[in-house]
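Below is one structure, written out as C-alpha cells; comments come after it.
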Amino acid sequence: MAVTTDTTAGTGRPPFWRDVKVLRIAAQVLAGVGTVALILYLGRNLTTNLTAANIPTDFEFLKQPAGVNVTGSDFRPSQPISDIILLGIKNTAALSVVGIPLLTILGTLIGIARLSNNWLVRKAATVYVETLRNIPPLLVIIFTNAAVILSLPRMQDAVTPGNLFVISNRFLAIPWATAGDNSGTYLAVLGVGILASIVVWIWRTRNFDATGTPHHRFAWGTATFVLFAIVGFFSLGKPFSLSRPEVIDGRIIEGGYQTVGPYIAVLLALVIYTASHVAEIVRGSIQAVAKGQTEAANALALSSFQRLRFVVLPQAFRIAIPPLINQFLNFTKNTSLSIAIGYAEITLVVFQAIGNAKPAPQLILILMGAYLLFSLTVSFVINLLNRRLQLVTN
Amino acid sequence: MVAGTDTAVVRRESPAVRWAKENLFSNWYNALLTVIFGVLFLWGGFTLLRWVFFRAEWEIVRANLTLFMVGRFPRDELARIWASNYLIAGAIGLMVGASTASAAAAAKEAGLPFVRSRPRDWIQRFWPILLLVAILLQFSRTWTPTVMVLGMVAVGVAARYAGLNLPARVRRYAWLIMLIMLIGAYAALSWFGGVELDGWGGLHLTIFITVAGILLAFPLGLLFALGRRSSLPLVRYLSVTYIEFIRGVPLITLLLMGAFALLFLLPPGTQLGSVARLIVAIMLFTAAYVAENVRGGLQAVPKGQTEAGQALGLPAWKVMRLIVLPQALRAVIPAMVGQFISLFKDTSLLVIVGIVELLQVSSIANSQPEFLGKGLVDVTLPFVALIYWVGSYTMSRESRRLEKKLGVGER
C-alpha cells in the first residue's frame with residue numbers, strides 16, 4: 001500500500017486502473033453498453049420470433065376493426081381497435097374520477113372513527129380496516145359483483161324507486177340533466193357565477209383580515225353562486241330539464257345517466273377496499289400531529305369538532321398527502337382488476353384484443369404506456385402541489 | 001357525577017360502570033352512537049354466526065378441499081406434497097431452534113438477560129393460523145390430514161430441539177442445512193418423475209409463488225436500490241427509470257406480459273412453463289418495490305457510518321457490505337414483510353391468466369355439475385377470503401412486532 005503511493009506520488013496520478021475518474025467513467029460505460037445490449041438482444045429475439053410466427057411487428061393492426069361489442073356503449077364492432085382502446089381509457093378514467101372522492105371521504109371518516117373516544121365506534125372501525133386490508137382487492141371485486149350486483153333483479157323486473165332510479169343486475173341509471181335551448185349560455189352564466197363567488201370569497205377574506213368581523217366566506221361564496229344559478233336558470237327559460245331513466249320493454253334504458261352493473265361492482269369494491277388503507281393513513285397522520293396541538297386546542301376550549309376542523313386536520317392532511325396520492329394511484333391501477341368481471345376498461349379491452357389474435361407485445365406496450373403516462377402525470381402534478389402545501393419548517 | 005356529591009350520597013361505581021360511562025356514554029351523541037353501533041354489532045354478529053353454523057352450505061368446500069389446497073396436483077402423487085411439507089416443517093423448526101440458541105448465546109456473552117418465548121407466546125402470535133388449520137382439518141373427510149399435520153408439528157418441534165442443541169460450530173452452518181432441506185422439499189415435489197410447476201395449484205402454489213417471488217426479487221431489488229443511491233449518474237438514471245416504470249404500471253400488465261409476450265422476448269425455442277413465466281413477471285414487478293424498501297433502509301443509516309468506514313481506509317464496496325448494508329437490511333425487514341403480504345394477496349391476480357390458484361378453484365368448484373347454478377360463490381369466496389385474511393393478518397402483526405423489536409421508525 002505504502003509503496004504504491006510512493007511511486008505514484010511523483011506523477012501526481014495513480015495508474016489508470018485505480019484512478020477514480022477513469023473507473024467512474026468505465027463503470028458507467030459498462031452499465032450503459034450492458035443495458036443497450038440487453039435491449040437490442042430482447043428486441044432482436046422479439047422481431048425474429050414474431051416474424052417466425054407470422055405476427056406483424058408494427059402498429060398497423062390498430063386500424064383493423066375491433067370486432068367486439070361493448071355492453072352499455074354504442075361502440076360498433078366495425079370501429080378500429082384504436083377506438084376501443086380510447087374507450088377503455090375513458091372507462092378507466094370514469095372509475096377513477098368518481099371513485100377517488102368517494103374513497104377519500106369514506107377513508108377519512110373511518111380513520112377518524114378509529115380514534116373516536118367511543119369504544120364501540122373505535123372497535124367497529126378497527127374491524128372494518130383489519131378485515132378489508134387483509135384480503136385481496138380482486139376477491140372483494142368478484143364477491144361484490146356476485147353477492148351484490150348479480151343478486152339484483154333482472155332487467156325485466158328492474159326496481160325503479162320514485163321513478164328516479166333504475167336498479168337491475170345489468171344496467172343501473174340515475175336521473176340526469178338534458179340540455180335544451182340556451183344551455184350553452186347557461187353554462188357560461190354558471191362560469192361567471194363561479195368567478196363572482198371567488199371574488200366575494202376574496203373580498204370577505206380581506207374584510208376579515210382588515211376588520212376582524214367574521215368572514216363567513218364559504219356561506220357568502222355559495223350564496224353568490226346559487227344566486228347566479230337560480231336567476232340564470234329562470235331568466236334563460238329553463239335551459240336544462242330533468243331526464244328520468246325509463247326501462248323500455250325490459251331490455252334497454254332510455255334517458256337519465258346509465259351505467260353497467262360491473263362498473264358499480266368495481267367502484268363499490270375498490271372504494272371500500274382502498275378506504276381501509278386511506279383510513280390507516282388518516283389515523284397515522286392525525287396521530288403524527290404533535291400532542292401539544294390538541295392540548296392547546298383544548299386549553300382554548302374549542303369543541304371537539306372545532307379542534308379537528310381548525311387545528312388537527314389541516315396539519316394532518318399535510319402529512320397525509322404523499323401517501324394518499326399513492327393510494328389514489330393504487331386505486332387507478334387496481335381498476336385494471338375489472339377484467340375479472342367484465343367492465344370494459346383499458347386492460348379488459350387489450351386482453352380481448354389479445355384473445356382475438358392481435359399482436360400481444362405491442363398491445364401490452366400500449367397498455368403499460370397508458371398507465372405509465374397517467375401515473376407520471378399525477379406524480380408530477382402532485383409533486384408541484386406538495387411543494388406548495390408542505391409546512392415550512394426551520 | 002356532580003349530582004352524586006350534591007346529595008352527599010357516595011355512590012360507589014364499579015370499574016366496569018365507570019369504564020362504560022367514560023367510553024360509551026360520555027355525552028348524548030356518544031350514547032346515540034353506542035346504541036347504533038351496538039345494534040349493528042349484535043345484528044352483524046348474529047347474522048354471521050347464523051350463516052356460518054346454519055345457513056352456509058359448506059358441502060362445496062368439503063367436497064373440494066383437496067382442490068383448494070393443491071389444485072390439480074395429481075392425486076396419486078400427493079405423498080410428494082406431504083414429504084415436502086415434512087422437510088419444510090423440519091427446516092423451519094431447525095431455523096427457529098438455531099436462531100434462538102445463537103440469540104441466547106449472544107445475550108449471554110453480552111451479559112444481558114434472555115427471555116425465551118414460551119408456547120403461550122407462540123399461540124398468542126399465531127392463533128389465526130392455528131385456527132385456520134383446525135378449520136381446514138375439520139373440513140376433511142378422512143383422518144389422514146390430521147395425523148399428517150400432527151406429524152409435521154412433531155417433526156418441527158423435534159427439529160427445533162435439535163437446533164437448540166447443535167454444537168456452536170455446527171450451528172453456524174444451520175442455514176446451509178436449512179437451504180438443503182428446502183431444496184429437498186422442492187426436489188421431492190418435482191424431481192425424480194415428479195410434478196412440473198404447471199401441474200401445481202391451490203393454496204400450495206399460492207404460497208410457493210409468494211416465497212419464490214420474494215426470494216428471486218430480493219437480489220434484483222437490492223441491485224436497483226444500490227443503483228439508485230449510486231454516485232454514477234448513468235447507473236442512477238437507469239435504476240430510477242426501471243423502478244418508476246414498474247411502479248407506474250399495475251401488476252396485471254406484467255402478468256399479461258409474462259403470459260403472452262415473454263416467450264417472444266427470449267431466444268427462439270426457449271421452453272418455459274406458464275407458471276415459471278409468471279414467476280419471472282412477478283419477480284420483475286416485486287424487485288422495483290423491494291428496491292424502494294431497501295432504499296428507505298439505506299437512507300436510514302446515518303452518513304457518519306459511511307464516513308467512519310472510509311476513515312478506516314475501507315474500499316467503497318467493503319463499507320457497503322460490512323457497515324451500511326447490515327444496518328440497512330435490518331431496518332428493512334418489516335417493510336419486506338409488508339411486501340410479502342401484498343405479494344401474497346396479489347397472487348390472486350393469477351386467476352386472470354388461467355393459473356389454478358384459490359380464486360380459480362372457487363370458480364371451478366362452482367361449475368361442477370352438483371354445485372352449478374346454486375350461487376355457492378357466496379360460500380367459496382368467503383372461505384378463500386378467510387385463508388388470505390389469516391395469512392395477511394398474522395404476517396402484518398408479525399411485521400409490527402418486528403418493527404417494535406428492531407426499533408424501526410422510532411424517533
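Identifiers in the C-alpha cells: chain A, B, ... in order shown; residue index from 1 per chain; ligand index from 1 in order shown.
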For this session: Would you kindly return, as a VMD selection string, each protein, DNA or RNA residue with an atom no farther than 10 Å from any atom of region 297-299 of chain A, considering only C-alpha atoms and excluding same-chain residues fewer than 3 positions away?
Result: chain A and resid 292 to 294 302 to 304 306 to 308 310 to 312
For this session: Find the residues around Leu236 (chain A) up to 12 Å (only C-alpha atoms counted), leave out those fewer than 5 positions away in its own chain, and share them as a list in words.
Result: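 So, after excluding close chain neighbours, the residues are Gly180, Asp181, Asn182, Ser183, Gly184, Thr185, Tyr186, Leu187, Ala188, Val189, Phe228, Ala229, Ile230 and Val231 of chain A.
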How would the residues just picked look written out with N, CA and C atoms as a PDB file, in the first residue's frame?
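Output file result21.pdb is given in full below:
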ATOM      1  N   GLY A 180     -81.424  21.818 -23.091  1.00  0.00           N
ATOM      2  CA  GLY A 180     -82.430  22.331 -24.019  1.00  0.00           C
ATOM      3  C   GLY A 180     -81.892  23.580 -24.700  1.00  0.00           C
ATOM      4  N   ASP A 181     -82.788  24.574 -24.951  1.00  0.00           N
ATOM      5  CA  ASP A 181     -82.337  25.836 -25.549  1.00  0.00           C
ATOM      6  C   ASP A 181     -81.465  26.587 -24.543  1.00  0.00           C
ATOM      7  N   ASN A 182     -80.589  27.416 -25.047  1.00  0.00           N
ATOM      8  CA  ASN A 182     -79.755  28.301 -24.224  1.00  0.00           C
ATOM      9  C   ASN A 182     -78.832  27.568 -23.251  1.00  0.00           C
ATOM     10  N   SER A 183     -78.645  26.267 -23.429  1.00  0.00           N
ATOM     11  CA  SER A 183     -77.861  25.545 -22.427  1.00  0.00           C
ATOM     12  C   SER A 183     -76.417  26.039 -22.405  1.00  0.00           C
ATOM     13  N   GLY A 184     -75.881  26.378 -23.594  1.00  0.00           N
ATOM     14  CA  GLY A 184     -74.514  26.907 -23.648  1.00  0.00           C
ATOM     15  C   GLY A 184     -74.408  28.210 -22.877  1.00  0.00           C
ATOM     16  N   THR A 185     -75.370  29.095 -23.094  1.00  0.00           N
ATOM     17  CA  THR A 185     -75.370  30.380 -22.401  1.00  0.00           C
ATOM     18  C   THR A 185     -75.445  30.167 -20.889  1.00  0.00           C
ATOM     19  N   TYR A 186     -76.278  29.187 -20.487  1.00  0.00           N
ATOM     20  CA  TYR A 186     -76.447  28.932 -19.064  1.00  0.00           C
ATOM     21  C   TYR A 186     -75.138  28.468 -18.436  1.00  0.00           C
ATOM     22  N   LEU A 187     -74.423  27.594 -19.153  1.00  0.00           N
ATOM     23  CA  LEU A 187     -73.128  27.131 -18.637  1.00  0.00           C
ATOM     24  C   LEU A 187     -72.184  28.314 -18.473  1.00  0.00           C
ATOM     25  N   ALA A 188     -72.261  29.264 -19.449  1.00  0.00           N
ATOM     26  CA  ALA A 188     -71.416  30.454 -19.346  1.00  0.00           C
ATOM     27  C   ALA A 188     -71.799  31.266 -18.117  1.00  0.00           C
ATOM     28  N   VAL A 189     -73.101  31.373 -17.851  1.00  0.00           N
ATOM     29  CA  VAL A 189     -73.567  32.106 -16.664  1.00  0.00           C
ATOM     30  C   VAL A 189     -73.032  31.447 -15.404  1.00  0.00           C
ATOM     31  N   PHE A 228     -76.634  33.215  -8.843  1.00  0.00           N
ATOM     32  CA  PHE A 228     -76.395  33.189 -10.288  1.00  0.00           C
ATOM     33  C   PHE A 228     -77.118  32.005 -10.914  1.00  0.00           C
ATOM     34  N   ALA A 229     -77.010  30.841 -10.276  1.00  0.00           N
ATOM     35  CA  ALA A 229     -77.571  29.626 -10.852  1.00  0.00           C
ATOM     36  C   ALA A 229     -79.082  29.744 -10.980  1.00  0.00           C
ATOM     37  N   ILE A 230     -79.749  30.239  -9.913  1.00  0.00           N
ATOM     38  CA  ILE A 230     -81.220  30.287  -9.934  1.00  0.00           C
ATOM     39  C   ILE A 230     -81.717  31.357 -10.895  1.00  0.00           C
ATOM     40  N   VAL A 231     -81.147  32.577 -10.763  1.00  0.00           N
ATOM     41  CA  VAL A 231     -81.599  33.673 -11.627  1.00  0.00           C
ATOM     42  C   VAL A 231     -81.377  33.303 -13.092  1.00  0.00           C
TER      43      VAL A 231
END
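When only C-alpha atoms are used to compute distances to Tyr289 (chain B), the closest of the residues B:Arg12, B:Lys404, B:Lys318, B:Arg247 turns out to be B:Arg247.
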Seminar exercise, completed: With distances taken over only C-alpha atoms, the candidate from B:Leu215, B:Leu265, B:Ala316, B:Val351 nearest chain A is B:Leu265
Problem set entry | Polymer residues at most 7 Å from Gly107 (chain A), only C-alpha atoms, same-chain spacing of 6 or more positions, as a ChimeraX atom specification | /A:275-276,278-279
For this session: Compile the residues of chain B that lie within 8 Å of chain A, evaluated using only C-alpha atoms, and express the compilation as an MDAnalysis selection string.
Result: chainID B and resid 23:25 30 33:34 37:38 41 232:235 245 248:250 252:253 256:257 260:261 264:268 345:346 348:349 352 359 377:378 381 385 388:390 392:393
Exercise. Val280 (chain B): which residues within 10 Å, counting only C-alpha atoms, same-chain residues fewer than 3 positions away excluded, as a list in words?
Worked result: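 Within the cut-off, the hits are Ala212, Gly213, Leu216, Ala217, Leu254, Leu255, Gly258, Leu262, Ser274, Val275, Ala276, Arg277, Met283, Leu284, Phe285 and Thr286 of chain B.
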May I have the residues from that selection written out with C-alpha atoms, as a tab-separated table (two decimals), in the first residue's frame?
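This is the output file selection-v2.tsv:
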chain	number	residue	atom	x	y	z
B	212	ALA	CA	-40.24	-17.75	-4.74
B	213	GLY	CA	-41.24	-14.28	-5.94
B	216	LEU	CA	-35.93	-14.02	-6.50
B	217	ALA	CA	-36.88	-10.34	-6.36
B	254	LEU	CA	-46.76	-7.57	-16.22
B	255	LEU	CA	-48.69	-10.79	-15.78
B	258	GLY	CA	-45.47	-12.94	-18.76
B	262	LEU	CA	-42.36	-13.10	-22.56
B	274	SER	CA	-46.53	-20.76	-17.80
B	275	VAL	CA	-46.10	-20.70	-14.01
B	276	ALA	CA	-42.37	-20.13	-14.40
B	277	ARG	CA	-43.00	-17.26	-16.84
B	283	MET	CA	-40.05	-11.09	-9.82
B	284	LEU	CA	-39.56	-8.15	-12.20
B	285	PHE	CA	-42.54	-6.39	-10.57
B	286	THR	CA	-41.64	-7.04	-6.94
For this session: Go ahead and compute the interatomic distance for CA of Lys358 (chain A) and CA of Gly67 (chain A), in Å to one decimal.
Result: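 Here the two named atoms are 11.4 Å from each other.
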